[in-house]
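Structure data (TSV, C-alpha atoms and all ligand atoms) from final-v3.tsv:
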```
chain	number	residue	atom	x	y	z
R	23	MET	CA	-58.67	21.31	69.84
R	24	ILE	CA	-60.51	18.21	68.62
R	25	ARG	CA	-63.64	18.54	66.50
R	26	SER	CA	-65.87	15.85	65.04
R	27	GLU	CA	-67.59	15.39	61.66
R	28	ILE	CA	-65.32	17.77	59.80
R	29	SER	CA	-65.09	18.06	56.02
R	30	LEU	CA	-61.54	17.77	54.67
R	31	LYS	CA	-60.03	20.13	52.11
R	32	ASN	CA	-57.91	18.62	49.35
R	33	THR	CA	-56.60	19.87	46.02
R	34	LEU	CA	-58.44	17.12	44.06
R	35	ALA	CA	-61.71	18.71	45.31
R	36	LEU	CA	-63.00	15.33	46.52
R	37	THR	CA	-65.87	15.43	48.98
R	38	SER	CA	-64.60	13.89	52.18
R	39	SER	CA	-65.16	14.16	55.90
R	40	ALA	CA	-63.38	12.81	58.96
R	41	ASP	CA	-64.70	11.32	62.18
R	42	HIS	CA	-62.43	13.62	64.22
R	43	VAL	CA	-59.86	16.31	63.45
R	44	ALA	CA	-57.24	17.66	65.89
R	45	ALA	CA	-55.40	20.95	65.38
R	46	VAL	CA	-51.91	20.37	66.79
R	47	ASP	CA	-49.86	23.41	67.75
R	48	SER	CA	-47.51	21.86	70.34
R	49	VAL	CA	-46.18	18.60	71.74
R	50	ALA	CA	-48.87	18.79	74.44
R	51	ASP	CA	-51.60	19.06	71.74
R	52	ALA	CA	-50.11	16.04	69.97
R	53	GLN	CA	-50.11	14.06	73.20
R	54	ASP	CA	-53.74	15.07	73.91
R	55	ALA	CA	-54.69	13.90	70.40
R	56	ILE	CA	-52.94	10.57	70.96
R	57	GLU	CA	-54.75	10.14	74.29
R	58	PHE	CA	-58.08	11.00	72.59
R	59	GLY	CA	-57.34	8.41	69.89
R	60	ARG	CA	-56.54	5.77	72.52
R	61	ARG	CA	-59.69	6.45	74.56
R	62	ASN	CA	-61.99	6.52	71.50
R	63	ASP	CA	-60.31	3.71	69.61
R	64	ALA	CA	-59.65	6.20	66.78
R	65	GLU	CA	-56.66	5.47	64.53
R	66	LEU	CA	-54.34	8.47	64.10
R	67	ARG	CA	-53.63	9.90	60.63
R	68	CYS	CA	-51.85	13.06	59.53
R	69	LEU	CA	-52.96	15.57	56.95
R	70	GLY	CA	-51.34	18.75	55.72
R	71	GLU	CA	-52.89	20.82	52.92
R	72	GLY	CA	-54.26	17.78	51.07
R	73	SER	CA	-52.22	18.22	47.88
R	74	ASN	CA	-50.84	14.67	47.74
R	75	VAL	CA	-53.70	12.53	48.99
R	76	VAL	CA	-56.76	10.82	47.60
R	77	LEU	CA	-59.38	11.15	50.33
R	78	MET	CA	-62.16	8.56	50.42
R	79	PRO	CA	-65.63	10.00	51.22
R	80	ARG	CA	-65.28	9.04	54.88
R	81	VAL	CA	-61.91	9.07	56.63
R	82	SER	CA	-62.14	7.16	59.87
R	83	GLY	CA	-60.16	7.81	63.04
R	84	LEU	CA	-58.52	11.04	64.13
R	85	ILE	CA	-56.88	13.34	61.59
R	86	CYS	CA	-54.03	15.43	63.05
R	87	ARG	CA	-53.23	18.71	61.33
R	88	VAL	CA	-50.18	20.54	62.61
R	89	THR	CA	-50.74	24.30	62.79
R	90	GLN	CA	-47.38	25.34	64.32
R	91	ALA	CA	-45.68	27.41	61.59
R	92	ASP	CA	-42.79	29.32	63.21
R	93	ILE	CA	-39.36	29.72	61.63
R	94	THR	CA	-36.67	29.62	64.35
R	95	LEU	CA	-32.99	30.34	63.82
R	96	VAL	CA	-31.00	27.45	65.33
R	97	ASN	CA	-27.47	28.25	64.27
R	98	THR	CA	-25.53	30.49	61.92
R	99	ASP	CA	-21.92	30.57	60.71
R	100	ALA	CA	-20.03	32.16	57.83
R	101	GLU	CA	-21.28	29.62	55.29
R	102	SER	CA	-24.71	28.52	56.40
R	103	VAL	CA	-27.77	29.00	58.52
R	104	THR	CA	-29.75	26.31	60.30
R	105	VAL	CA	-33.47	26.88	60.84
R	106	SER	CA	-36.26	24.90	62.44
R	107	VAL	CA	-39.66	25.29	60.76
R	108	GLY	CA	-43.07	24.29	62.13
R	109	ALA	CA	-44.85	21.61	60.08
R	110	GLY	CA	-47.88	23.86	59.56
R	111	LYS	CA	-45.94	26.45	57.54
R	112	ASN	CA	-46.85	26.63	53.85
R	113	TRP	CA	-43.91	25.29	51.83
R	114	HIS	CA	-43.83	28.00	49.15
R	115	GLU	CA	-44.04	30.75	51.75
R	116	LEU	CA	-40.98	29.20	53.42
R	117	VAL	CA	-39.11	29.22	50.09
R	118	GLN	CA	-39.96	32.89	49.55
R	119	GLU	CA	-39.14	33.95	53.11
R	120	THR	CA	-35.77	32.19	53.16
R	121	LEU	CA	-34.84	33.71	49.79
R	122	ALA	CA	-35.78	37.14	51.13
R	123	GLN	CA	-33.24	36.56	53.95
R	124	ASN	CA	-30.58	35.54	51.36
R	125	TRP	CA	-30.65	31.96	52.64
R	126	TYR	CA	-30.33	29.63	49.67
R	127	GLY	CA	-30.98	26.05	48.68
R	128	LEU	CA	-34.77	25.83	48.33
R	129	GLU	CA	-35.15	27.92	45.16
R	130	ASN	CA	-35.63	24.91	42.82
R	131	LEU	CA	-38.48	23.74	45.06
R	132	ALA	CA	-40.49	26.97	44.69
R	133	LEU	CA	-44.25	26.74	44.19
R	134	ILE	CA	-44.60	23.10	45.32
R	135	PRO	CA	-48.03	23.08	47.00
R	136	GLY	CA	-48.49	21.87	50.56
R	137	SER	CA	-47.09	22.16	54.05
R	138	VAL	CA	-43.57	21.96	55.47
R	139	GLY	CA	-44.57	18.90	57.54
R	140	ALA	CA	-45.40	16.89	54.43
R	141	ALA	CA	-42.14	17.81	52.64
R	142	PRO	CA	-40.08	14.95	54.14
R	143	VAL	CA	-42.95	12.46	53.71
R	144	GLN	CA	-42.33	12.02	50.01
R	145	ASN	CA	-38.97	13.81	50.00
R	146	ILE	CA	-40.39	16.51	47.74
R	147	GLY	CA	-38.30	17.19	44.70
R	148	ALA	CA	-38.26	19.26	41.54
R	149	TYR	CA	-35.81	20.64	38.98
R	150	GLY	CA	-32.86	18.53	40.15
R	151	VAL	CA	-33.21	19.13	43.92
R	152	GLU	CA	-34.82	17.11	46.76
R	153	VAL	CA	-35.59	18.42	50.25
R	154	ALA	CA	-33.41	15.62	51.70
R	155	GLU	CA	-30.34	17.54	50.47
R	156	ARG	CA	-31.09	20.39	52.90
R	157	LEU	CA	-32.67	18.44	55.72
R	158	VAL	CA	-30.80	18.03	59.02
R	159	SER	CA	-33.50	16.45	61.20
R	160	VAL	CA	-37.23	15.96	61.71
R	161	ASP	CA	-39.00	16.38	65.07
R	162	VAL	CA	-41.67	13.71	65.46
R	163	VAL	CA	-44.14	12.52	68.05
R	164	ARG	CA	-44.55	8.75	68.10
R	165	GLY	CA	-47.76	6.85	68.77
R	166	ASP	CA	-46.87	6.47	72.47
R	167	GLY	CA	-46.58	10.27	72.81
R	168	SER	CA	-42.76	10.33	73.03
R	169	VAL	CA	-40.84	13.03	71.14
R	170	HIS	CA	-37.84	12.22	68.91
R	171	LYS	CA	-35.43	14.06	66.68
R	172	MET	CA	-34.83	11.89	63.62
R	173	SER	CA	-31.68	12.48	61.59
R	174	ALA	CA	-31.84	12.60	57.79
R	175	ALA	CA	-30.39	9.06	57.76
R	176	ASP	CA	-33.19	7.85	60.09
R	177	CYS	CA	-35.75	9.13	57.54
R	178	GLU	CA	-34.48	6.61	54.91
R	179	PHE	CA	-35.08	9.02	52.05
R	180	GLY	CA	-35.39	7.77	48.49
R	181	TYR	CA	-36.91	9.06	45.27
R	182	ARG	CA	-40.35	10.42	46.42
R	183	ASP	CA	-40.02	8.09	49.37
R	184	SER	CA	-39.21	7.98	53.08
R	185	ILE	CA	-39.90	5.98	56.21
R	186	PHE	CA	-42.92	8.27	56.80
R	187	LYS	CA	-44.50	7.46	53.45
R	188	ARG	CA	-43.90	3.72	53.83
R	189	ARG	CA	-45.62	3.79	57.23
R	190	VAL	CA	-48.73	5.39	55.67
R	191	ALA	CA	-48.72	2.76	52.90
R	192	ASP	CA	-48.38	-0.24	55.24
R	193	GLY	CA	-50.91	1.08	57.78
R	194	SER	CA	-48.39	1.50	60.65
R	195	GLN	CA	-48.96	4.11	63.33
R	196	PRO	CA	-47.83	7.41	61.74
R	197	LEU	CA	-44.93	9.47	63.02
R	198	LEU	CA	-46.46	12.92	63.49
R	199	ILE	CA	-44.04	15.50	62.14
R	200	LEU	CA	-44.05	18.68	64.24
R	201	ALA	CA	-41.09	20.52	62.72
R	202	ILE	CA	-38.16	20.08	60.36
R	203	THR	CA	-34.64	21.49	60.59
R	204	LEU	CA	-32.93	22.66	57.40
R	205	ARG	CA	-29.40	23.86	56.70
R	206	LEU	CA	-29.37	26.58	54.04
R	207	SER	CA	-26.43	28.20	52.35
R	208	LYS	CA	-25.40	31.83	52.65
R	209	ARG	CA	-23.53	31.47	49.37
R	210	PRO	CA	-25.68	31.92	46.25
R	211	VAL	CA	-24.66	28.65	44.55
R	212	VAL	CA	-27.38	27.52	42.16
R	213	ASN	CA	-28.31	24.07	40.85
R	214	LEU	CA	-28.96	24.19	37.10
R	215	SER	CA	-28.63	20.46	36.47
R	216	TYR	CA	-32.17	20.30	35.09
R	217	ARG	CA	-31.85	21.13	31.41
R	218	ASP	CA	-35.16	22.99	30.98
R	219	LEU	CA	-34.22	25.32	33.81
R	220	GLY	CA	-30.99	26.42	32.12
R	221	LYS	CA	-32.95	26.94	28.91
R	222	ALA	CA	-35.61	29.02	30.68
R	223	LEU	CA	-32.83	31.19	32.10
R	224	GLY	CA	-31.38	31.71	28.63
R	225	LEU	CA	-28.17	29.76	29.36
R	226	SER	CA	-26.64	27.79	26.51
R	227	GLU	CA	-24.40	24.71	26.98
R	228	THR	CA	-21.66	26.15	24.79
R	229	LYS	CA	-21.50	29.73	26.04
R	230	THR	CA	-20.19	30.65	29.48
R	231	SER	CA	-22.52	33.21	30.89
R	232	VAL	CA	-22.94	34.96	34.20
R	233	LEU	CA	-24.75	32.52	36.50
R	234	PRO	CA	-28.26	33.51	37.57
R	235	SER	CA	-29.00	34.37	41.19
R	236	PRO	CA	-31.08	31.98	43.36
R	237	GLN	CA	-33.93	34.51	43.15
R	238	GLN	CA	-33.79	34.33	39.33
R	239	VAL	CA	-33.78	30.52	39.54
R	240	ALA	CA	-36.89	30.62	41.75
R	241	GLU	CA	-38.62	32.98	39.31
R	242	ALA	CA	-37.76	30.67	36.38
R	243	VAL	CA	-39.03	27.62	38.29
R	244	ILE	CA	-42.27	29.46	39.11
R	245	SER	CA	-42.86	30.46	35.52
R	246	ILE	CA	-42.10	26.96	34.14
R	247	ARG	CA	-44.43	25.41	36.71
R	248	ARG	CA	-47.21	27.90	35.95
R	249	ALA	CA	-46.90	27.18	32.22
R	250	LYS	CA	-46.72	23.38	32.61
R	251	LEU	CA	-48.94	22.41	35.52
R	252	PRO	CA	-52.66	23.02	35.99
R	253	ASP	CA	-53.55	25.27	38.94
R	254	PRO	CA	-55.44	23.03	41.43
R	255	GLY	CA	-57.71	26.01	42.22
R	256	GLU	CA	-59.02	25.91	38.64
R	257	HIS	CA	-58.42	22.27	37.68
R	258	PRO	CA	-58.33	20.16	40.85
R	259	ASN	CA	-55.37	17.74	40.91
R	260	VAL	CA	-52.58	16.34	43.10
R	261	GLY	CA	-49.68	16.98	40.73
R	262	SER	CA	-47.97	13.86	39.36
R	263	PHE	CA	-50.21	10.88	40.01
R	264	PHE	CA	-47.45	8.32	39.36
R	265	LYS	CA	-43.74	8.13	40.13
R	266	ASN	CA	-41.27	7.85	37.28
R	267	PRO	CA	-40.36	4.14	37.17
R	268	VAL	CA	-36.75	3.07	37.69
R	269	VAL	CA	-35.80	0.07	35.54
R	270	ASP	CA	-32.74	-2.10	34.82
R	271	GLU	CA	-30.58	-1.98	31.69
R	272	GLY	CA	-32.49	-4.74	29.83
R	273	ALA	CA	-35.86	-3.05	30.41
R	274	ALA	CA	-34.37	0.32	29.44
R	275	ALA	CA	-33.20	-1.11	26.10
R	276	ARG	CA	-36.60	-2.68	25.49
R	277	LEU	CA	-38.40	0.58	26.35
R	278	GLY	CA	-36.06	2.44	24.00
R	279	GLU	CA	-37.19	0.19	21.14
R	280	LEU	CA	-40.82	1.03	22.01
R	281	GLY	CA	-40.21	4.77	21.69
R	282	ALA	CA	-39.45	5.76	25.31
R	283	THR	CA	-36.23	7.52	26.33
R	284	PRO	CA	-34.92	6.14	29.65
R	285	TYR	CA	-31.96	7.97	31.20
R	286	ALA	CA	-29.26	6.90	33.66
R	287	PHE	CA	-30.29	7.25	37.31
R	288	ASN	CA	-28.65	5.91	40.49
R	289	GLY	CA	-27.01	2.94	38.80
R	290	GLY	CA	-30.25	2.08	36.91
R	291	PHE	CA	-32.47	3.91	34.44
R	292	LYS	CA	-35.40	6.23	35.05
R	293	VAL	CA	-38.16	6.56	32.51
R	294	SER	CA	-40.73	9.32	32.33
R	295	ALA	CA	-44.11	8.00	33.49
R	296	ALA	CA	-45.73	10.82	31.48
R	297	GLN	CA	-44.05	9.52	28.32
R	298	LEU	CA	-45.25	5.94	28.93
R	299	ILE	CA	-48.81	7.17	29.61
R	300	ASP	CA	-48.68	9.31	26.47
R	301	LEU	CA	-47.31	6.45	24.32
R	302	ALA	CA	-50.04	4.16	25.70
R	303	GLY	CA	-52.59	6.61	24.28
R	304	TRP	CA	-53.90	8.28	27.46
R	305	LYS	CA	-52.90	11.91	26.91
R	306	GLY	CA	-56.02	14.09	27.09
R	307	VAL	CA	-58.31	11.08	27.67
R	308	ARG	CA	-61.29	11.92	29.86
R	309	ARG	CA	-63.88	9.57	31.31
R	310	GLY	CA	-66.80	11.20	33.07
R	311	ASP	CA	-65.31	13.79	35.38
R	312	VAL	CA	-61.76	12.31	35.52
R	313	GLY	CA	-59.11	12.78	32.88
R	314	CYS	CA	-55.43	13.17	32.04
R	315	TRP	CA	-54.34	16.79	31.68
R	316	PRO	CA	-53.75	17.30	27.93
R	317	GLN	CA	-50.39	19.09	28.39
R	318	GLN	CA	-49.11	16.71	31.11
R	319	PRO	CA	-50.73	13.25	31.17
R	320	LEU	CA	-49.13	12.43	34.53
R	321	VAL	CA	-51.61	14.81	36.16
R	322	LEU	CA	-55.15	13.50	36.69
R	323	ILE	CA	-57.88	16.13	36.88
R	324	ASN	CA	-61.23	16.16	38.66
R	325	TYR	CA	-63.28	18.00	36.04
R	326	GLY	CA	-66.33	18.34	38.29
R	327	GLN	CA	-68.00	15.85	40.58
R	328	ALA	CA	-65.53	12.93	40.39
R	329	THR	CA	-65.40	10.66	43.43
R	330	ALA	CA	-62.24	9.17	44.93
R	331	GLN	CA	-63.30	5.80	43.48
R	332	ASN	CA	-63.65	7.34	39.97
R	333	VAL	CA	-60.10	8.69	40.28
R	334	LEU	CA	-58.66	5.39	41.58
R	335	ASP	CA	-60.47	3.37	38.85
R	336	PHE	CA	-59.12	5.68	36.14
R	337	ALA	CA	-55.61	5.46	37.63
R	338	ASN	CA	-55.91	1.64	37.75
R	339	ASP	CA	-56.84	1.52	34.08
R	340	ILE	CA	-53.78	3.61	33.21
R	341	GLN	CA	-51.57	1.30	35.29
R	342	ARG	CA	-52.98	-1.80	33.57
R	343	SER	CA	-52.60	-0.27	30.12
R	344	VAL	CA	-48.97	0.78	30.74
R	345	SER	CA	-48.21	-2.64	32.22
R	346	ASP	CA	-49.72	-4.43	29.18
R	347	THR	CA	-47.91	-2.19	26.70
R	348	PHE	CA	-44.50	-1.85	28.37
R	349	GLN	CA	-44.35	-4.49	31.16
R	350	VAL	CA	-43.64	-1.62	33.56
R	351	GLU	CA	-45.63	-1.14	36.78
R	352	LEU	CA	-46.54	2.46	37.60
R	353	GLU	CA	-46.55	3.29	41.30
R	354	PRO	CA	-49.03	5.96	42.48
R	355	GLU	CA	-47.47	8.98	44.20
R	356	PRO	CA	-50.36	10.22	46.43
R	357	SER	CA	-51.43	8.33	49.56
R	358	VAL	CA	-55.01	7.11	49.88
R	359	LEU	CA	-56.71	7.95	53.20
R	360	SER	CA	-59.90	6.06	54.07
E	401	LIG	C1	-50.01	21.10	41.19
E	401	LIG	C2	-49.16	20.23	42.07
E	401	LIG	C3	-47.80	20.14	41.81
E	401	LIG	C4	-46.98	19.34	42.62
E	401	LIG	N1	-45.65	19.29	42.35
E	401	LIG	C5	-44.84	18.54	43.12
E	401	LIG	C6	-43.43	18.50	42.85
E	401	LIG	O1	-42.92	19.17	41.96
E	401	LIG	N2	-42.67	17.71	43.64
E	401	LIG	C7	-43.19	16.98	44.66
E	401	LIG	O2	-42.42	16.29	45.34
E	401	LIG	N3	-44.51	17.01	44.95
E	401	LIG	C8	-45.34	17.76	44.20
E	401	LIG	N4	-46.69	17.80	44.47
E	401	LIG	C9	-47.23	17.00	45.58
E	401	LIG	C10	-47.40	17.81	46.91
E	401	LIG	O3	-47.31	19.18	46.66
E	401	LIG	C11	-46.33	17.42	47.94
E	401	LIG	O4	-46.31	16.04	48.17
E	401	LIG	C12	-46.56	18.14	49.27
E	401	LIG	O5	-45.46	17.92	50.12
E	401	LIG	C13	-47.85	17.70	49.98
E	401	LIG	O6	-48.08	18.59	51.06
E	401	LIG	P1	-49.47	18.60	51.82
E	401	LIG	O7	-49.31	19.44	53.03
E	401	LIG	O8	-50.55	18.97	50.91
E	401	LIG	O9	-49.59	17.06	52.26
E	401	LIG	P2	-50.91	16.16	52.28
E	401	LIG	O10	-51.36	15.90	50.90
E	401	LIG	O11	-51.89	16.71	53.23
E	401	LIG	O12	-50.30	14.81	52.88
E	401	LIG	C14	-49.38	14.06	52.11
E	401	LIG	C15	-48.85	12.91	52.97
E	401	LIG	O13	-48.08	13.45	54.05
E	401	LIG	C16	-48.60	13.01	55.30
E	401	LIG	N5	-48.46	14.15	56.23
E	401	LIG	C17	-48.88	15.42	56.05
E	401	LIG	N6	-48.53	16.18	57.10
E	401	LIG	C18	-47.86	15.38	57.96
E	401	LIG	C19	-47.27	15.57	59.25
E	401	LIG	N7	-47.27	16.76	59.88
E	401	LIG	N8	-46.69	14.50	59.86
E	401	LIG	C20	-46.67	13.28	59.25
E	401	LIG	N9	-47.21	13.04	58.05
E	401	LIG	C21	-47.80	14.08	57.41
E	401	LIG	C22	-50.04	12.63	55.03
E	401	LIG	O14	-50.51	11.65	55.94
E	401	LIG	C23	-49.96	12.08	53.62
E	401	LIG	O15	-49.54	10.75	53.64
E	401	LIG	C24	-47.54	18.60	43.69
E	401	LIG	C25	-48.92	18.70	43.96
E	401	LIG	C26	-49.73	19.52	43.16
E	401	LIG	C27	-51.19	19.65	43.47
```
Take the structure in this file and express it as structure tokens.
Ligand SMILES: Cc1cc2nc3c(=O)[nH]c(=O)nc-3n(C[C@H](O)[C@H](O)[C@H](O)COP(=O)(O)OP(=O)(O)OC[C@H]3O[C@@H](n4cnc5c(N)ncnc54)[C@H](O)[C@@H]3O)c2cc1C
Amino acid sequence: MIRSEISLKNTLALTSSADHVAAVDSVADAQDAIEFGRRNDAELRCLGEGSNVVLMPRVSGLICRVTQADITLVNTDAESVTVSVGAGKNWHELVQETLAQNWYGLENLALIPGSVGAAPVQNIGAYGVEVAERLVSVDVVRGDGSVHKMSAADCEFGYRDSIFKRRVADGSQPLLILAITLRLSKRPVVNLSYRDLGKALGLSETKTSVLPSPQQVAEAVISIRRAKLPDPGEHPNVGSFFKNPVVDEGAAARLGELGATPYAFNGGFKVSAAQLIDLAGWKGVRRGDVGCWPQQPLVLINYGQATAQNVLDFANDIQRSVSDTFQVELEPEPSVLS
């Protein structure tokens, strides 16, 4: 169904409306939406639950929201289970429902806001795990209405990056994600590579202890996230506003001298964007209705009636300040839809 002049929900609580919005529950709905876009000269965009976007007051074109949210068993063997999940499913509900079935692998990604369809877009990740590790394929509808199954390799996943995200950034016709296929483990092997997670579970590096169950890992992740991150329902935000920069060895040494603590990552060095923002003096800074969350400066908050432009201006000032202080360019994580 296609409706016009619709206001768009988003976790930054920005006031925004779209020319047209299509609810897409099937391939046929997607094809109808594409045909509508072609006839009305309306550019196609995709939107999930609005937890990783900055929406300008007016979003032109046709917004497609996938509503299909079924979990379908594709295959099962002694070790694993393969499931296809509709893009409209809420991500955290999927994590909880798979854990309840004793299907493992998503526990570190518990409580990430948003929809299943958006998960591959920025290759969601948390506590040492990225969705790419579990992803088998993505079902997409292209701009010409054709349907394709893209393999994980086709998605060109990187750190908070994929072919889908790059297409949004460069203004290409989006690939509408209808469903994703995941392979989950039947064996309760847990990933405790993230140090704070081990600590939260009471594990020490020197003592061998009984490993926690995936359910316990999910509970620990949920409680760390609740303690660390502002609830968008109370303090509207889109989570991390910037990616953690990846730098070379020379820059890492220089940043070390300036008080930052880069760590080895993929042959280079990653540095915490939150740390750079904090060292540049932005922690807790508020201007009008936009500010950095005092406990986590990487999160920008709409304290009331902030506009998208207020948020982008504030983010720009942070980028400039970090660039002047550290010669490091911060890259925003959310996409801007206008
Ligand atoms: C408090 C908080 C904490 C967060 N923590 C994390 C975290 O730990 N790790 C992390 O990775 N992210 C995190 N995020 C960001 C966000 O939760 C994820 O990026 C999530 O996947 C966005 O889902 P969404 O449905 O809200 O997508 P939206 O914000 O609606 O859209 C995001 C992007 O995906 C595209 N898109 C959406 N649906 C589709 C589709 N069906 N087909 C094609 N493109 C589509 C949109 O065009 C847009 O470019 C956090 C956000 C908040 C508010």
Which residues sit within 7 Å of ligand LIG 401 (chain E), counting all atoms listed in the file, listed as a ChimeraX atom specification?
/R:33,67-75,87-88,109,134-141,143-148,182,186-187,190,196-200,251-254,259-262,356-357
Could you take the residues named above and write them with C-alpha atoms, as an mmCIF file, in the coordinates of the input?
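Result saved to selection-v2.cif:
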```
data_model
loop_
_atom_site.group_PDB
_atom_site.id
_atom_site.type_symbol
_atom_site.label_atom_id
_atom_site.label_comp_id
_atom_site.auth_asym_id
_atom_site.auth_seq_id
_atom_site.Cartn_x
_atom_site.Cartn_y
_atom_site.Cartn_z
ATOM 1 C CA THR R 33 -56.600 19.870 46.020
ATOM 2 C CA ARG R 67 -53.630 9.900 60.630
ATOM 3 C CA CYS R 68 -51.850 13.060 59.530
ATOM 4 C CA LEU R 69 -52.960 15.570 56.950
ATOM 5 C CA GLY R 70 -51.340 18.750 55.720
ATOM 6 C CA GLU R 71 -52.890 20.820 52.920
ATOM 7 C CA GLY R 72 -54.260 17.780 51.070
ATOM 8 C CA SER R 73 -52.220 18.220 47.880
ATOM 9 C CA ASN R 74 -50.840 14.670 47.740
ATOM 10 C CA VAL R 75 -53.700 12.530 48.990
ATOM 11 C CA ARG R 87 -53.230 18.710 61.330
ATOM 12 C CA VAL R 88 -50.180 20.540 62.610
ATOM 13 C CA ALA R 109 -44.850 21.610 60.080
ATOM 14 C CA ILE R 134 -44.600 23.100 45.320
ATOM 15 C CA PRO R 135 -48.030 23.080 47.000
ATOM 16 C CA GLY R 136 -48.490 21.870 50.560
ATOM 17 C CA SER R 137 -47.090 22.160 54.050
ATOM 18 C CA VAL R 138 -43.570 21.960 55.470
ATOM 19 C CA GLY R 139 -44.570 18.900 57.540
ATOM 20 C CA ALA R 140 -45.400 16.890 54.430
ATOM 21 C CA ALA R 141 -42.140 17.810 52.640
ATOM 22 C CA VAL R 143 -42.950 12.460 53.710
ATOM 23 C CA GLN R 144 -42.330 12.020 50.010
ATOM 24 C CA ASN R 145 -38.970 13.810 50.000
ATOM 25 C CA ILE R 146 -40.390 16.510 47.740
ATOM 26 C CA GLY R 147 -38.300 17.190 44.700
ATOM 27 C CA ALA R 148 -38.260 19.260 41.540
ATOM 28 C CA ARG R 182 -40.350 10.420 46.420
ATOM 29 C CA PHE R 186 -42.920 8.270 56.800
ATOM 30 C CA LYS R 187 -44.500 7.460 53.450
ATOM 31 C CA VAL R 190 -48.730 5.390 55.670
ATOM 32 C CA PRO R 196 -47.830 7.410 61.740
ATOM 33 C CA LEU R 197 -44.930 9.470 63.020
ATOM 34 C CA LEU R 198 -46.460 12.920 63.490
ATOM 35 C CA ILE R 199 -44.040 15.500 62.140
ATOM 36 C CA LEU R 200 -44.050 18.680 64.240
ATOM 37 C CA LEU R 251 -48.940 22.410 35.520
ATOM 38 C CA PRO R 252 -52.660 23.020 35.990
ATOM 39 C CA ASP R 253 -53.550 25.270 38.940
ATOM 40 C CA PRO R 254 -55.440 23.030 41.430
ATOM 41 C CA ASN R 259 -55.370 17.740 40.910
ATOM 42 C CA VAL R 260 -52.580 16.340 43.100
ATOM 43 C CA GLY R 261 -49.680 16.980 40.730
ATOM 44 C CA SER R 262 -47.970 13.860 39.360
ATOM 45 C CA PRO R 356 -50.360 10.220 46.430
ATOM 46 C CA SER R 357 -51.430 8.330 49.560
#
```
With all atoms of region 340-344 of chain R from the file as input, state the centre and edge lengths in Å to one decimal of the axis-aligned box that has 3 Å extra on each side, as lines of an AutoDock Vina configuration file.
```
center_x = -51.4
center_y = 0.9
center_z = 32.7
size_x = 10.8
size_y = 11.4
size_z = 11.2
```
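The closest residue to Gln327 (chain R), picked from R:Pro258, R:Tyr285, R:Ser26, R:Gly167 and counting all atoms listed in the file, is R:Pro258.
Counting all atoms listed in the file, the residue from R:Leu233, R:Leu77, R:Val293, R:Val239 that sits nearest to Ala275 (chain R) is R:Val293.
With distances restricted to only C-alpha atoms, R:Tyr325 is the closest residue to Gly255 (chain R) from R:Phe336, R:Tyr325, R:Trp304, R:Phe291.
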Selection near Gly310 (chain R), 12 Å with all atoms listed in the file, sequence-local residues under 5 positions removed, as a tab-separated table (two decimals) with C-alpha atoms, in the frame of the given file:
```
chain	number	residue	atom	x	y	z
R	323	ILE	CA	-57.88	16.13	36.88
R	324	ASN	CA	-61.23	16.16	38.66
R	325	TYR	CA	-63.28	18.00	36.04
R	326	GLY	CA	-66.33	18.34	38.29
R	327	GLN	CA	-68.00	15.85	40.58
R	328	ALA	CA	-65.53	12.93	40.39
R	329	THR	CA	-65.40	10.66	43.43
R	332	ASN	CA	-63.65	7.34	39.97
R	333	VAL	CA	-60.10	8.69	40.28
R	335	ASP	CA	-60.47	3.37	38.85
R	336	PHE	CA	-59.12	5.68	36.14
```
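All residues of protein, DNA or RNA that reach within 12 Å of Arg276 (chain R), judged by all atoms listed in the file and not counting those fewer than 3 positions away in the chain, are R:Val269, R:Asp270, R:Glu271, R:Gly272, R:Ala273, R:Glu279, R:Leu280, R:Gly281, R:Ala282, R:Thr283, R:Pro284, R:Phe291, R:Val293, R:Thr347, R:Phe348, R:Gln349, R:Val350.
Residues lying within 8 Å of region 91-105 of chain R, counting all atoms listed in the file and ignoring same-chain neighbours fewer than 6 positions away, are R:Lys111, R:Asn112, R:Trp125, R:Thr203, R:Leu204, R:Arg205, R:Leu206, R:Ser207, R:Lys208, R:Arg209.
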Within 10 Å of Gly303 (chain R) using only C-alpha atoms, minus same-chain residues under 3 positions, as number ranges by chain
R: 297-300, 306-307, 319, 340, 343-344
If you count only C-alpha atoms, which residues fall within 10 Å of Asp176 (chain R), apart from same-chain ones fewer than 4 positions away, as a ChimeraX atom specification?
/R:159-160,171-172,184-185
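Closest to Val163 (chain R) among R:Ala240, R:Ala286, R:Val268, R:Ala52 is R:Ala52, based on only C-alpha atoms.
Put simply, CA of Thr120 (chain R) is 24.7 Å away from CA of Arg217 (chain R).
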Which is closer to Glu256 (chain R) than all the others in R:Ser39, R:Val153, R:Tyr181, R:Leu34, using all atoms listed in the file?
R:Leu34
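Between CA of Gly313 (chain R) and CA of Ala249 (chain R) there is a distance of 18.9 Å.
Here CA of Ala40 (chain R) is placed at a distance of 22.7 Å from CA of Val162 (chain R).
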